[in-house]
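K.L.:
What follows is a single structure, and I will ask about it in a moment.
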Amino acid sequence: MANRRRLPRRRRPWGLWGLWGLGLLGAFGPLDIAGPCLSGVEPTRLEPVSLLVAVAGKSKALSLAGEPGCPDDAGELQEALEAWATASHGRLEKGSSSYRMLGIEVERKKMNKLWEEGHLLVSCYDAFAWLRTGRCPVHGQPPSTEDVLRSMGRVLERPPAEASDDELRAWIGREYGEDGLKRLLASQESLESPTESASPLVELKEFFTWFRRNFPYYHGHCERCMRVTHFLGVARPSDDERQEGGAGVSEVNFCEGCNVSSLFPRFRRVRPVLDTHRGRCGEYSWLALRFLEALGFPARWVDNHAGHAWVEAWVENRCGRWVHIDPCEAAVDEPLLYAEQWGRCPLHVLAYQATAELAVSVEDVTSTYRPADAEAVPEEISQKVTEAVAEARMKLEEKRRAASKSSKKCDRVSVWPGQVWWLEPAQGVKTFGQEGAVR
């Protein structure tokens with residue numbers, strides 16, 4: 001871009017949550033294509049919002065003026081738009097301009113059309129939540145019914161094109177080593193008497209330590225010069241990234257040193273993450289879940305509904321219990337990691353496991369991740385979580401019954417033990433949460 005000013009430093013959109021928040025936000029989406037509500041967010045603000053809009057040719061950039069993490073400076077938003085539009089659509093014939101407006105429904109529909117056309121840059125995840133739902137998030141709340149439903153939908157999301165157990169075992173054998181694969185497979189077997197083999201926890205620790213070295217947490221660095229980049233916003237992924245990788249958004253980052261912008265698609269499938277070695281807790285927790293399942297460990301996905309996710313594996317051999325595993329930290333059986341090392345004692349942690357046709361087991365495991373001497377979780381928070389889980393179960397059951405009634409119109413296909421997808425010839429595979437927008 002000719003004569004473009006250097007992008008000013010700005011606050012990152014993840015605010016108090018840190019990069020752990022973005023790790024989860026980008027990879028897990030809502031239950032429908034209407035778009036996301038962020039984890040731990042109660043979407044109660046329905047009034048029109050104040051928008052800052054930048055325009056450059058056919059492209060626009062959108063910001064929620066005044067919201068934390070969203071730019072409120074017109075020049076800053078214009079520069080972000082110019083950097084992204086130039087990289088995506090070629091040299092701009094004219095400069096950019098900006099204006100402020102009230103975010104009424106008719107304008108939101110226009111913005112969504114631009115998004116689908118690939119001509120909209122959304123400056124922060126809060127603005128994206130408004131774009132897709134019409135609601136402005138309110139942070140710091142216990143998980144809502146929508147949050148719980150979204151997580152239920154995530155563990156049910158098993159598209160036929162996803163990597164199979166055989167494929168994942170072959171990948172582990174090729175990359176981690178055949179000996180390591182054999183040890184992992186042997187460690188999950190329930191044995192009546194101890195053997196000379198290493199403990200399953202030791203084998204899992206070695207594997208996820210190796211995993212962390214080869215799949216580092218992505219901090220948005222430039223692929224060319226390895227410098228830290230500036231987050232410009234999110235844009236619509238390519239059709240291939242959406243169809244093959246389940247991506248709902250691509251984060252747009254700008255490197256001042258190279259003067260180029262780059263994309264970080266937030267994939268919801270295993271294969272592209274294995275290929276790119278890029279991800280945060282959203283991508284890596286799902287990859288860990290699939291690895292464990294392929295190795296024979298019953299596994300469930302764990303969400304603290306405050307910006308981070310990990311997994312638990314049922315380890316029968318020598319343990320007979322659920323074991324905490326965080327692939328981002330190479331942590332195995334360290335449930336107090338977040339309270340004691342991160343300084344974030346969780347208030348609401350839910351574990352999700354698919355159990356039957358369109359059914360999900362949800363267990364409140366908060367106490368596992370809180371020190372014994374920690375103060376009790378406020379009763380009001382516990383009650384809200386209990387109510388959200390109960391209502392989510394009821395709504396999912398309604399969806400299951402509705403899907404059963406419509407089964408005459410589509411083929412019922414089981415693609416994973418306990419998981420059922422309905423195929424409609426005109427639309428392909430459909431399930432709750434498949435259209436991956438950001439959470």
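Letters A, B, ... go to the chains of the structure tokens in the order shown; residues in each chain start at 1; ligands are counted from 1 in the same order.
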Could you go through stretch 42-188 of chain A and tell me which residues DSSP, when run on the backbone, assigns to strand (DSSP E or B), listing them as a list in words?
P.N.:
Arg45, Val49, Ser50, Leu51, Leu52, Val53, Ala54, Val55, Ala56, Ser59, Lys60, Ala61, Leu62, Ser63, Leu64, Ser97, Ser98, Tyr99, Arg100, Met101, Leu102, Gly103, Leu120, Leu121, Val122 and Cys136 of chain A
K.L.:
List as a list in words the protein and nucleic acid residues near A:Leu350, meaning an atom at most 7 Å away when only C-alpha atoms are counted, but skip any in the same chain fewer than 4 places from it.
P.N.:
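The filter keeps Val302, Asp303, Asn304, Val362, Glu363, Asp364, Val365 and Thr366 of chain A.
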K.L.:
Let me see the file: selected residues, N, CA and C atoms, as a CSV table (one decimal), in the first residue's frame.
P.N.:
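Output contents, as saved in again-v8.csv:
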```csv
chain,number,residue,atom,x,y,z
A,302,VAL,N,-13.6,-30.5,27.9
A,302,VAL,CA,-13.9,-29.7,29.1
A,302,VAL,C,-13.8,-28.2,28.8
A,303,ASP,N,-14.8,-27.5,29.2
A,303,ASP,CA,-14.9,-26.0,28.9
A,303,ASP,C,-15.0,-25.3,30.2
A,304,ASN,N,-14.1,-24.3,30.5
A,304,ASN,CA,-14.3,-23.5,31.7
A,304,ASN,C,-15.3,-22.3,31.5
A,362,VAL,N,-23.4,-34.1,30.3
A,362,VAL,CA,-22.7,-32.9,30.8
A,362,VAL,C,-22.6,-33.1,32.3
A,363,GLU,N,-21.3,-32.9,32.8
A,363,GLU,CA,-21.0,-33.0,34.2
A,363,GLU,C,-20.3,-31.8,34.7
A,364,ASP,N,-20.8,-31.3,35.8
A,364,ASP,CA,-20.1,-30.1,36.4
A,364,ASP,C,-18.9,-30.7,37.2
A,365,VAL,N,-17.8,-30.3,36.7
A,365,VAL,CA,-16.5,-30.8,37.4
A,365,VAL,C,-15.7,-29.7,38.0
A,366,THR,N,-16.4,-28.6,38.3
A,366,THR,CA,-15.7,-27.4,38.9
A,366,THR,C,-14.9,-27.8,40.1
```
K.L.:
Quick one: everything within 8 Å of stretch 219-221 of chain A, counting only C-alpha atoms, minus sequence neighbours fewer than 5 positions away in the same chain. Send it as a PDB file with N, CA, C and O atoms, in the first residue's frame.
P.N.:
```
ATOM      1  N   LEU A  19      -4.513 -14.557  25.498  1.00  0.00           N
ATOM      2  CA  LEU A  19      -4.550 -15.390  24.301  1.00  0.00           C
ATOM      3  C   LEU A  19      -5.285 -16.687  24.526  1.00  0.00           C
ATOM      4  O   LEU A  19      -5.783 -17.297  23.594  1.00  0.00           O
ATOM      5  N   MET A 226       8.875 -13.872  11.944  1.00  0.00           N
ATOM      6  CA  MET A 226       8.620 -14.369  13.292  1.00  0.00           C
ATOM      7  C   MET A 226       8.353 -13.248  14.300  1.00  0.00           C
ATOM      8  O   MET A 226       8.320 -13.487  15.499  1.00  0.00           O
ATOM      9  N   ARG A 227       8.142 -12.034  13.818  1.00  0.00           N
ATOM     10  CA  ARG A 227       7.791 -10.947  14.728  1.00  0.00           C
ATOM     11  C   ARG A 227       6.335 -11.069  15.161  1.00  0.00           C
ATOM     12  O   ARG A 227       5.511 -11.656  14.477  1.00  0.00           O
ATOM     13  N   VAL A 228       6.020 -10.458  16.297  1.00  0.00           N
ATOM     14  CA  VAL A 228       4.635 -10.411  16.750  1.00  0.00           C
ATOM     15  C   VAL A 228       3.855  -9.471  15.847  1.00  0.00           C
ATOM     16  O   VAL A 228       4.325  -8.379  15.515  1.00  0.00           O
ATOM     17  N   THR A 229       2.685  -9.893  15.431  1.00  0.00           N
ATOM     18  CA  THR A 229       1.869  -9.103  14.514  1.00  0.00           C
ATOM     19  C   THR A 229       0.780  -8.347  15.267  1.00  0.00           C
ATOM     20  O   THR A 229       0.562  -8.558  16.454  1.00  0.00           O
ATOM     21  N   HIS A 230       0.114  -7.449  14.546  1.00  0.00           N
ATOM     22  CA  HIS A 230      -1.035  -6.726  15.082  1.00  0.00           C
ATOM     23  C   HIS A 230      -2.318  -7.395  14.595  1.00  0.00           C
ATOM     24  O   HIS A 230      -2.469  -7.683  13.407  1.00  0.00           O
ATOM     25  N   PHE A 231      -3.226  -7.636  15.506  1.00  0.00           N
ATOM     26  CA  PHE A 231      -4.525  -8.218  15.158  1.00  0.00           C
ATOM     27  C   PHE A 231      -5.394  -7.129  14.541  1.00  0.00           C
ATOM     28  O   PHE A 231      -5.657  -6.095  15.161  1.00  0.00           O
ATOM     29  N   ASN A 253      -3.969 -10.746  10.653  1.00  0.00           N
ATOM     30  CA  ASN A 253      -2.854 -10.158  11.390  1.00  0.00           C
ATOM     31  C   ASN A 253      -1.969  -9.370  10.441  1.00  0.00           C
ATOM     32  O   ASN A 253      -1.794  -9.737   9.272  1.00  0.00           O
TER      33      ASN A 253
END
```
K.L.:
Tell me, as a list in words, which residues lie within 9 Å of A:Ser97, counting only C-alpha atoms; anything in the same chain fewer than 2 positions away does not count.
P.N.:
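Neighbouring residues, sequence-local ones excluded: Val53, Ala54, Val55, Ala56, Ala74, Gly75, Gln78, Gly95 and Tyr99 of chain A.
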K.L.:
I need the chosen residues saved as a tab-separated table (two decimals), in the first residue's frame, with C-alpha atoms.
P.N.:
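What ended up in part-v1.tsv:
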```tsv
chain	number	residue	atom	x	y	z
A	53	VAL	CA	-17.56	1.84	9.83
A	54	ALA	CA	-14.64	2.31	7.44
A	55	VAL	CA	-15.05	2.09	3.65
A	56	ALA	CA	-12.44	1.36	0.96
A	74	ALA	CA	-11.50	6.19	12.72
A	75	GLY	CA	-7.93	6.42	11.42
A	78	GLN	CA	-9.26	2.80	8.14
A	95	GLY	CA	-8.16	5.87	-0.01
A	99	TYR	CA	-18.50	7.21	9.42
```
K.L.:
Go through A:Ala83, A:Leu185, A:Ala129, A:Val148 and flag the residue nearest A:Glu387, using only C-alpha atoms for the distances.
P.N.:
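Nearest candidate to A:Glu387 out of A:Ala83, A:Leu185, A:Ala129, A:Val148: A:Val148.
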K.L.:
Of the candidates A:Pro143, A:Asp166, A:Trp301, A:Leu149, which shows the shortest atom-to-atom distance to A:Ser382, using only C-alpha atoms?
P.N.:
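Checking each candidate against A:Ser382, we get A:Pro143 as the closest.
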K.L.:
Using DSSP on the backbone coordinates, identify the residues of stretch 192-251 of chain A assigned to helix (DSSP H, G or I); present them as a ChimeraX atom specification.
P.N.:
/A:200-214,239-245
